[in-house]
Structure formats: C-alpha cells, structure tokens
file input31.pdb (PDB, C-alpha atoms, pLDDT in the B column)
ATOM      1  CA  MET A   1      68.465  18.393 107.739  1.00 56.00           C
ATOM      2  CA  PRO A   2      68.471  20.212 104.320  1.00 66.00           C
ATOM      3  CA  ALA A   3      72.144  19.347 103.812  1.00 68.00           C
ATOM      4  CA  ALA A   4      71.331  15.704 104.541  1.00 72.00           C
ATOM      5  CA  LEU A   5      68.599  15.776 101.896  1.00 69.00           C
ATOM      6  CA  MET A   6      71.103  16.879  99.280  1.00 67.00           C
ATOM      7  CA  GLN A   7      73.190  13.789 100.100  1.00 76.00           C
ATOM      8  CA  ASP A   8      70.234  11.580  99.173  1.00 91.00           C
ATOM      9  CA  GLU A   9      70.534  10.355  95.576  1.00 95.00           C
ATOM     10  CA  LEU A  10      66.794  10.456  94.963  1.00 96.00           C
ATOM     11  CA  PHE A  11      66.426  14.013  96.248  1.00 96.00           C
ATOM     12  CA  ARG A  12      69.426  15.140  94.197  1.00 96.00           C
ATOM     13  CA  ALA A  13      67.798  13.634  91.117  1.00 97.00           C
ATOM     14  CA  PHE A  14      64.546  15.442  91.851  1.00 98.00           C
ATOM     15  CA  SER A  15      66.411  18.710  92.444  1.00 97.00           C
ATOM     16  CA  THR A  16      68.312  18.326  89.171  1.00 97.00           C
ATOM     17  CA  TYR A  17      65.247  17.694  87.004  1.00 98.00           C
ATOM     18  CA  ALA A  18      63.164  20.299  88.831  1.00 98.00           C
ATOM     19  CA  LEU A  19      65.882  22.878  88.180  1.00 98.00           C
ATOM     20  CA  ILE A  20      66.105  21.873  84.525  1.00 98.00           C
ATOM     21  CA  VAL A  21      62.399  22.507  83.920  1.00 98.00           C
ATOM     22  CA  ILE A  22      62.357  25.648  86.103  1.00 98.00           C
ATOM     23  CA  LEU A  23      65.305  27.132  84.198  1.00 98.00           C
ATOM     24  CA  LYS A  24      63.681  26.186  80.887  1.00 98.00           C
ATOM     25  CA  MET A  25      60.509  27.921  82.020  1.00 98.00           C
ATOM     26  CA  MET A  26      62.474  31.002  83.106  1.00 97.00           C
ATOM     27  CA  MET A  27      64.247  31.117  79.733  1.00 98.00           C
ATOM     28  CA  MET A  28      60.859  31.593  78.097  1.00 97.00           C
ATOM     29  CA  SER A  29      60.824  35.125  79.563  1.00 96.00           C
ATOM     30  CA  PHE A  30      63.916  35.945  77.538  1.00 97.00           C
ATOM     31  CA  VAL A  31      62.450  34.307  74.435  1.00 98.00           C
ATOM     32  CA  THR A  32      59.316  36.438  74.868  1.00 97.00           C
ATOM     33  CA  ALA A  33      61.351  39.629  75.285  1.00 95.00           C
ATOM     34  CA  TYR A  34      63.495  38.771  72.254  1.00 97.00           C
ATOM     35  CA  CYS A  35      60.412  38.070  70.172  1.00 97.00           C
ATOM     36  CA  ARG A  36      58.761  41.342  71.255  1.00 95.00           C
ATOM     37  CA  ILE A  37      61.880  43.356  70.429  1.00 94.00           C
ATOM     38  CA  THR A  38      62.575  41.742  67.051  1.00 96.00           C
ATOM     39  CA  ARG A  39      58.933  42.004  65.986  1.00 95.00           C
ATOM     40  CA  GLY A  40      58.392  45.465  67.461  1.00 92.00           C
ATOM     41  CA  ALA A  41      55.253  44.334  69.255  1.00 93.00           C
ATOM     42  CA  PHE A  42      54.830  45.673  72.771  1.00 92.00           C
ATOM     43  CA  ALA A  43      51.934  45.395  75.203  1.00 90.00           C
ATOM     44  CA  ASN A  44      52.461  48.362  77.517  1.00 89.00           C
ATOM     45  CA  GLU A  45      52.555  52.098  76.898  1.00 86.00           C
ATOM     46  CA  GLU A  46      55.676  52.546  79.020  1.00 87.00           C
ATOM     47  CA  ASP A  47      57.556  50.060  76.827  1.00 83.00           C
ATOM     48  CA  VAL A  48      57.428  52.537  73.947  1.00 87.00           C
ATOM     49  CA  SER A  49      57.387  55.811  75.908  1.00 83.00           C
ATOM     50  CA  CYS A  50      60.473  57.181  74.140  1.00 84.00           C
ATOM     51  CA  ARG A  51      58.901  56.779  70.708  1.00 84.00           C
ATOM     52  CA  SER A  52      56.882  59.215  68.634  1.00 83.00           C
ATOM     53  CA  ALA A  53      53.089  59.001  68.672  1.00 83.00           C
ATOM     54  CA  GLU A  54      53.099  57.394  65.225  1.00 86.00           C
ATOM     55  CA  GLU A  55      55.676  54.759  66.245  1.00 84.00           C
ATOM     56  CA  LYS A  56      53.707  54.032  69.424  1.00 77.00           C
ATOM     57  CA  LYS A  57      50.616  53.204  67.365  1.00 80.00           C
ATOM     58  CA  LYS A  58      52.637  50.745  65.285  1.00 84.00           C
ATOM     59  CA  MET A  59      54.400  49.130  68.249  1.00 90.00           C
ATOM     60  CA  LEU A  60      51.500  48.782  70.714  1.00 85.00           C
ATOM     61  CA  ARG A  61      50.007  45.705  69.144  1.00 89.00           C
ATOM     62  CA  THR A  62      49.755  41.975  69.430  1.00 93.00           C
ATOM     63  CA  ASP A  63      51.803  39.710  67.214  1.00 95.00           C
ATOM     64  CA  PRO A  64      50.941  36.070  66.500  1.00 96.00           C
ATOM     65  CA  GLU A  65      54.494  34.841  67.192  1.00 97.00           C
ATOM     66  CA  VAL A  66      54.777  36.792  70.438  1.00 96.00           C
ATOM     67  CA  GLU A  67      51.433  35.369  71.529  1.00 97.00           C
ATOM     68  CA  ARG A  68      52.617  31.848  70.641  1.00 97.00           C
ATOM     69  CA  VAL A  69      55.693  32.272  72.840  1.00 97.00           C
ATOM     70  CA  ARG A  70      53.550  33.706  75.649  1.00 97.00           C
ATOM     71  CA  ARG A  71      51.122  30.766  75.465  1.00 97.00           C
ATOM     72  CA  CYS A  72      54.045  28.345  75.586  1.00 98.00           C
ATOM     73  CA  HIS A  73      55.370  30.136  78.673  1.00 98.00           C
ATOM     74  CA  LEU A  74      51.926  30.073  80.312  1.00 98.00           C
ATOM     75  CA  ASN A  75      51.672  26.370  79.594  1.00 98.00           C
ATOM     76  CA  ASP A  76      55.002  25.888  81.367  1.00 97.00           C
ATOM     77  CA  LEU A  77      53.698  27.796  84.385  1.00 97.00           C
ATOM     78  CA  GLU A  78      50.592  25.599  84.459  1.00 97.00           C
ATOM     79  CA  ASN A  79      52.638  22.400  84.367  1.00 98.00           C
ATOM     80  CA  VAL A  80      56.075  22.995  85.884  1.00 98.00           C
ATOM     81  CA  VAL A  81      54.808  24.480  89.150  1.00 98.00           C
ATOM     82  CA  PRO A  82      52.550  21.469  89.906  1.00 98.00           C
ATOM     83  CA  PHE A  83      55.370  19.097  88.901  1.00 98.00           C
ATOM     84  CA  VAL A  84      57.769  20.738  91.335  1.00 98.00           C
ATOM     85  CA  LEU A  85      55.271  20.679  94.204  1.00 98.00           C
ATOM     86  CA  VAL A  86      53.985  17.159  93.589  1.00 98.00           C
ATOM     87  CA  GLY A  87      57.501  15.969  92.777  1.00 98.00           C
ATOM     88  CA  LEU A  88      58.755  17.254  96.116  1.00 97.00           C
ATOM     89  CA  PHE A  89      56.108  15.274  97.992  1.00 97.00           C
ATOM     90  CA  TYR A  90      56.819  12.300  95.761  1.00 97.00           C
ATOM     91  CA  ALA A  91      60.568  12.455  96.404  1.00 96.00           C
ATOM     92  CA  LEU A  92      59.968  12.715 100.146  1.00 94.00           C
ATOM     93  CA  SER A  93      57.600   9.713 100.081  1.00 94.00           C
ATOM     94  CA  GLY A  94      60.517   7.368  99.387  1.00 93.00           C
ATOM     95  CA  PRO A  95      59.832   5.860  95.952  1.00 96.00           C
ATOM     96  CA  GLU A  96      62.243   3.489  94.249  1.00 96.00           C
ATOM     97  CA  LEU A  97      65.078   5.443  92.638  1.00 97.00           C
ATOM     98  CA  SER A  98      64.503   3.849  89.220  1.00 97.00           C
ATOM     99  CA  SER A  99      60.797   4.725  89.277  1.00 97.00           C
ATOM    100  CA  ALA A 100      61.499   8.275  90.419  1.00 98.00           C
ATOM    101  CA  LEU A 101      64.154   8.782  87.748  1.00 98.00           C
ATOM    102  CA  LEU A 102      61.709   7.558  85.100  1.00 98.00           C
ATOM    103  CA  HIS A 103      59.083  10.058  86.299  1.00 98.00           C
ATOM    104  CA  PHE A 104      61.520  12.972  86.462  1.00 98.00           C
ATOM    105  CA  ARG A 105      63.193  12.245  83.121  1.00 98.00           C
ATOM    106  CA  VAL A 106      59.965  11.684  81.225  1.00 98.00           C
ATOM    107  CA  PHE A 107      58.478  14.919  82.566  1.00 98.00           C
ATOM    108  CA  ALA A 108      61.585  16.967  81.726  1.00 98.00           C
ATOM    109  CA  GLY A 109      61.797  15.437  78.253  1.00 98.00           C
ATOM    110  CA  ALA A 110      58.093  15.987  77.621  1.00 98.00           C
ATOM    111  CA  ARG A 111      58.301  19.659  78.631  1.00 98.00           C
ATOM    112  CA  ILE A 112      61.392  20.291  76.500  1.00 98.00           C
ATOM    113  CA  PHE A 113      59.770  18.578  73.521  1.00 98.00           C
ATOM    114  CA  HIS A 114      56.559  20.546  74.181  1.00 98.00           C
ATOM    115  CA  THR A 115      58.495  23.800  73.879  1.00 98.00           C
ATOM    116  CA  PHE A 116      60.231  22.731  70.675  1.00 97.00           C
ATOM    117  CA  SER A 117      56.968  21.554  69.146  1.00 97.00           C
ATOM    118  CA  TYR A 118      55.141  24.743  70.181  1.00 97.00           C
ATOM    119  CA  LEU A 119      57.787  27.206  69.020  1.00 97.00           C
ATOM    120  CA  GLY A 120      58.725  25.114  66.008  1.00 97.00           C
ATOM    121  CA  HIS A 121      55.119  24.916  64.773  1.00 97.00           C
ATOM    122  CA  LEU A 122      55.239  21.116  64.667  1.00 97.00           C
ATOM    123  CA  PRO A 123      51.935  19.576  63.600  1.00 97.00           C
ATOM    124  CA  GLN A 124      49.544  18.224  66.164  1.00 96.00           C
ATOM    125  CA  PRO A 125      49.429  15.836  67.950  1.00 97.00           C
ATOM    126  CA  CYS A 126      53.120  16.487  68.809  1.00 96.00           C
ATOM    127  CA  ARG A 127      52.407  19.265  71.276  1.00 97.00           C
ATOM    128  CA  ALA A 128      49.289  17.624  72.712  1.00 97.00           C
ATOM    129  CA  LEU A 129      51.035  14.295  73.287  1.00 98.00           C
ATOM    130  CA  SER A 130      53.960  15.947  75.073  1.00 98.00           C
ATOM    131  CA  PHE A 131      51.548  17.994  77.192  1.00 98.00           C
ATOM    132  CA  PHE A 132      49.502  14.953  78.218  1.00 98.00           C
ATOM    133  CA  LEU A 133      52.615  12.871  78.862  1.00 98.00           C
ATOM    134  CA  GLY A 134      53.904  15.487  81.307  1.00 98.00           C
ATOM    135  CA  LEU A 135      50.489  15.733  82.931  1.00 98.00           C
ATOM    136  CA  LEU A 136      50.296  11.948  83.245  1.00 98.00           C
ATOM    137  CA  VAL A 137      53.670  11.907  85.018  1.00 98.00           C
ATOM    138  CA  THR A 138      52.498  14.507  87.534  1.00 98.00           C
ATOM    139  CA  PHE A 139      49.269  12.601  88.184  1.00 98.00           C
ATOM    140  CA  SER A 140      51.218   9.360  88.544  1.00 98.00           C
ATOM    141  CA  MET A 141      53.455  10.909  91.192  1.00 98.00           C
ATOM    142  CA  ALA A 142      50.414  12.373  92.977  1.00 98.00           C
ATOM    143  CA  TYR A 143      48.723   8.972  92.954  1.00 97.00           C
ATOM    144  CA  ASN A 144      51.841   7.351  94.410  1.00 97.00           C
ATOM    145  CA  VAL A 145      52.016   9.933  97.198  1.00 97.00           C
ATOM    146  CA  LEU A 146      48.336   9.585  98.005  1.00 96.00           C
ATOM    147  CA  SER A 147      48.498   5.802  97.937  1.00 94.00           C
ATOM    148  CA  ASN A 148      51.360   5.914 100.440  1.00 89.00           C
ATOM    149  CA  VAL A 149      49.596   8.406 102.694  1.00 85.00           C
ATOM    150  CA  PHE A 150      46.179   6.761 102.634  1.00 84.00           C
ATOM    151  CA  ALA A 151      47.328   3.198 101.891  1.00 75.00           C
ATOM    152  CA  ILE A 152      45.036   3.025  98.855  1.00 59.00           C
TER     153      ILE A 152
END
call {"tool": "encode", "arguments": {"input": "input31.pdb", "output": "structure tokens"}}
result
Amino acid sequence: MPAALMQDELFRAFSTYALIVILKMMMMSFVTAYCRITRGAFANEEDVSCRSAEEKKKMLRTDPEVERVRRCHLNDLENVVPFVLVGLFYALSGPELSSALLHFRVFAGARIFHTFSYLGHLPQPCRALSFFLGLLVTFSMAYNVLSNVFAI
C-alpha cells in the first residue's frame, strides 16, 4: 500500500512540498548553531565547559540575533507540523490535483518567505502576511477534509 501511494501524483506532490518545508525547518537548527557560535552566545553551561570562568560569564548570555533565529525556528515548528498532519489527511481525502498543488505551493512559498522576512529584518507586515497566508492554507485544507468527512 505505501508503495502504491508514492505512485499517486497527488501524494507525491504532498510528499515533495512537505519535505521541502520540513527540511527548511530542520535547517534552522544549523542557522541557530551558526549564529550562536559566531556571536559567542550560548545558553547552557556545558556548551562553554572548556572555557575559563571569565569567558563563561561572557558567553553564557542571550543575543538578540540568536533569539530572532530561535523565534523563527519556533514559528516553523508551530506551523509546519500542523501543515504536514493536516496536509496528509487532505491528500488522502482525494482533492483535485490543481487545488492541492495550489495549497501545497502557497504554504511552502509562504513559509520560505516568512523565514527570509524574519531573518532579513523586513518591515512588517511582510512577516505577518506570510504567517497568516500559511495559516490560511492549513485551515483551508482542514475545512476541506472536514467538509468531506461530515458532508458540511
């Protein structure tokens, strides 16, 4: 059965866009680590255990840029996970391919733009619009699934 799903064009499309946003979200871990290292701002004692007491005091701190990257990553977690779960139900509910592709592409584009606007310090409402667009896509897919299940 799983191999048959991967032959389905709609499910392949869902898998592709889900993987794109999951990998983007996972990359934020590396961006966070890079930012921590380059700014010398660490959160845990064990991260600076090989340093002198004076260096530890300087390095165990918060940094505005590190916190910005962390908030961006948290926002991904809050949005990508629901998209993947709802998107799976949506893909299995048998929507039109063109409608599904629109949902998947808009969500992926919105999340990628959200990251660029967050990390690039673009002025609002850039980040807010991309956030709400992605959220709207997820709600739209959820509504479609529920309307199929309950014949709303």
call {"tool": "atom_distance", "arguments": {"input": "input31.pdb", "atom1": "CA of Ser99 (chain A)", "atom2": "CA of Leu10 (chain A)"}}
result
10.1 Å
call {"tool": "closest_residue", "arguments": {"input": "input31.pdb", "among": "A:Met26, A:Ala13, A:Cys72, A:Cys50", "to": "His114 (chain A)", "atoms": "all atoms listed in the file"}}
result
A:Cys72
call {"tool": "closest_residue", "arguments": {"input": "input31.pdb", "among": "A:Cys126, A:Leu97, A:Val106, A:Ala18", "to": "Ser140 (chain A)", "atoms": "only C-alpha atoms"}}
result
A:Val106
call {"tool": "resolve_selection", "arguments": {"input": "input31.pdb", "expression": "the PyMOL selection byres ((chain A and resi 63) around 10)", "output": "PyMOL selection string"}}
result
chain A and resi 35-36+39-43+59-62+64-68
call {"tool": "closest_residue", "arguments": {"input": "input31.pdb", "among": "A:Phe132, A:Tyr143, A:Phe116, A:Phe11", "to": "Ala100 (chain A)", "atoms": "all atoms listed in the file"}}
result
A:Phe11
call {"tool": "resolve_selection", "arguments": {"input": "input31.pdb", "expression": "the PyMOL selection byres ((chain A and resi 108) around 9)", "output": "ChimeraX atom specification"}}
result
/A:17-18,20-21,103-107,109-113,134
call {"tool": "residues_around", "arguments": {"input": "input31.pdb", "residues": "region 79-85 of chain A", "least_positions_apart": "3", "cutoff": "6 Å", "atoms": "only C-alpha atoms", "output": "ChimeraX atom specification"}}
result
/A:18,76,88,138
call {"tool": "axis_aligned_box", "arguments": {"input": "input31.pdb", "around": "region 66-82 of chain A", "padding_each_side": "6 Å", "output": "lines of an AutoDock Vina configuration file"}}
result
center_x = 53.3
center_y = 29.1
center_z = 80.2
size_x = 17.5
size_y = 27.3
size_z = 31.5
call {"tool": "closest_residue", "arguments": {"input": "input31.pdb", "among": "A:Phe14, A:Leu133, A:Pro125, A:Phe150", "to": "Ser98 (chain A)", "atoms": "all atoms listed in the file"}}
result
A:Phe14
call {"tool": "closest_residue", "arguments": {"input": "input31.pdb", "among": "A:Asn144, A:Ser29, A:Thr16, A:Asn44", "to": "Ser93 (chain A)", "atoms": "all atoms listed in the file"}}
result
A:Asn144
call {"tool": "build_atoms", "arguments": {"input": "input31.pdb", "residues": "region 64-92 of chain A", "atoms": "N, CA and C atoms", "output": "CSV table (one decimal), in the coordinates of the input"}}
result
chain,number,residue,atom,x,y,z
A,64,PRO,N,51.2,37.5,66.4
A,64,PRO,CA,50.9,36.1,66.5
A,64,PRO,C,52.1,35.3,67.1
A,65,GLU,N,53.3,35.6,66.7
A,65,GLU,CA,54.5,34.8,67.2
A,65,GLU,C,54.8,35.2,68.7
A,66,VAL,N,54.6,36.4,69.0
A,66,VAL,CA,54.8,36.8,70.4
A,66,VAL,C,53.7,36.1,71.3
A,67,GLU,N,52.5,36.0,70.8
A,67,GLU,CA,51.4,35.4,71.5
A,67,GLU,C,51.7,33.9,71.6
A,68,ARG,N,52.3,33.3,70.6
A,68,ARG,CA,52.6,31.8,70.6
A,68,ARG,C,53.6,31.6,71.7
A,69,VAL,N,54.7,32.4,71.8
A,69,VAL,CA,55.7,32.3,72.8
A,69,VAL,C,55.1,32.5,74.2
A,70,ARG,N,54.2,33.5,74.4
A,70,ARG,CA,53.6,33.7,75.6
A,70,ARG,C,52.7,32.5,76.1
A,71,ARG,N,52.0,31.9,75.1
A,71,ARG,CA,51.1,30.8,75.5
A,71,ARG,C,52.0,29.6,75.9
A,72,CYS,N,53.1,29.4,75.2
A,72,CYS,CA,54.0,28.3,75.6
A,72,CYS,C,54.5,28.6,77.0
A,73,HIS,N,54.9,29.8,77.3
A,73,HIS,CA,55.4,30.1,78.7
A,73,HIS,C,54.3,29.9,79.7
A,74,LEU,N,53.0,30.3,79.4
A,74,LEU,CA,51.9,30.1,80.3
A,74,LEU,C,51.7,28.6,80.5
A,75,ASN,N,51.8,27.8,79.5
A,75,ASN,CA,51.7,26.4,79.6
A,75,ASN,C,52.7,25.8,80.5
A,76,ASP,N,54.0,26.3,80.4
A,76,ASP,CA,55.0,25.9,81.4
A,76,ASP,C,54.6,26.2,82.8
A,77,LEU,N,54.1,27.4,83.0
A,77,LEU,CA,53.7,27.8,84.4
A,77,LEU,C,52.6,26.9,84.9
A,78,GLU,N,51.7,26.5,84.1
A,78,GLU,CA,50.6,25.6,84.5
A,78,GLU,C,51.0,24.2,84.7
A,79,ASN,N,52.2,23.8,84.2
A,79,ASN,CA,52.6,22.4,84.4
A,79,ASN,C,53.9,22.2,85.2
A,80,VAL,N,54.8,23.1,85.1
A,80,VAL,CA,56.1,23.0,85.9
A,80,VAL,C,55.9,23.2,87.4
A,81,VAL,N,55.1,24.2,87.7
A,81,VAL,CA,54.8,24.5,89.2
A,81,VAL,C,54.2,23.3,89.8
A,82,PRO,N,53.1,22.7,89.3
A,82,PRO,CA,52.6,21.5,89.9
A,82,PRO,C,53.6,20.3,90.0
A,83,PHE,N,54.4,20.2,88.9
A,83,PHE,CA,55.4,19.1,88.9
A,83,PHE,C,56.3,19.3,90.1
A,84,VAL,N,56.8,20.5,90.3
A,84,VAL,CA,57.8,20.7,91.3
A,84,VAL,C,57.1,20.4,92.7
A,85,LEU,N,55.9,20.9,92.9
A,85,LEU,CA,55.3,20.7,94.2
A,85,LEU,C,55.0,19.2,94.4
A,86,VAL,N,54.3,18.6,93.5
A,86,VAL,CA,54.0,17.2,93.6
A,86,VAL,C,55.3,16.3,93.6
A,87,GLY,N,56.2,16.7,92.8
A,87,GLY,CA,57.5,16.0,92.8
A,87,GLY,C,58.2,16.0,94.1
A,88,LEU,N,58.1,17.1,94.8
A,88,LEU,CA,58.8,17.3,96.1
A,88,LEU,C,58.1,16.3,97.1
A,89,PHE,N,56.8,16.2,97.1
A,89,PHE,CA,56.1,15.3,98.0
A,89,PHE,C,56.4,13.8,97.6
A,90,TYR,N,56.5,13.6,96.3
A,90,TYR,CA,56.8,12.3,95.8
A,90,TYR,C,58.2,11.9,96.2
A,91,ALA,N,59.2,12.8,96.0
A,91,ALA,CA,60.6,12.5,96.4
A,91,ALA,C,60.7,12.2,97.9
A,92,LEU,N,59.9,12.9,98.7
A,92,LEU,CA,60.0,12.7,100.1
A,92,LEU,C,59.2,11.5,100.6
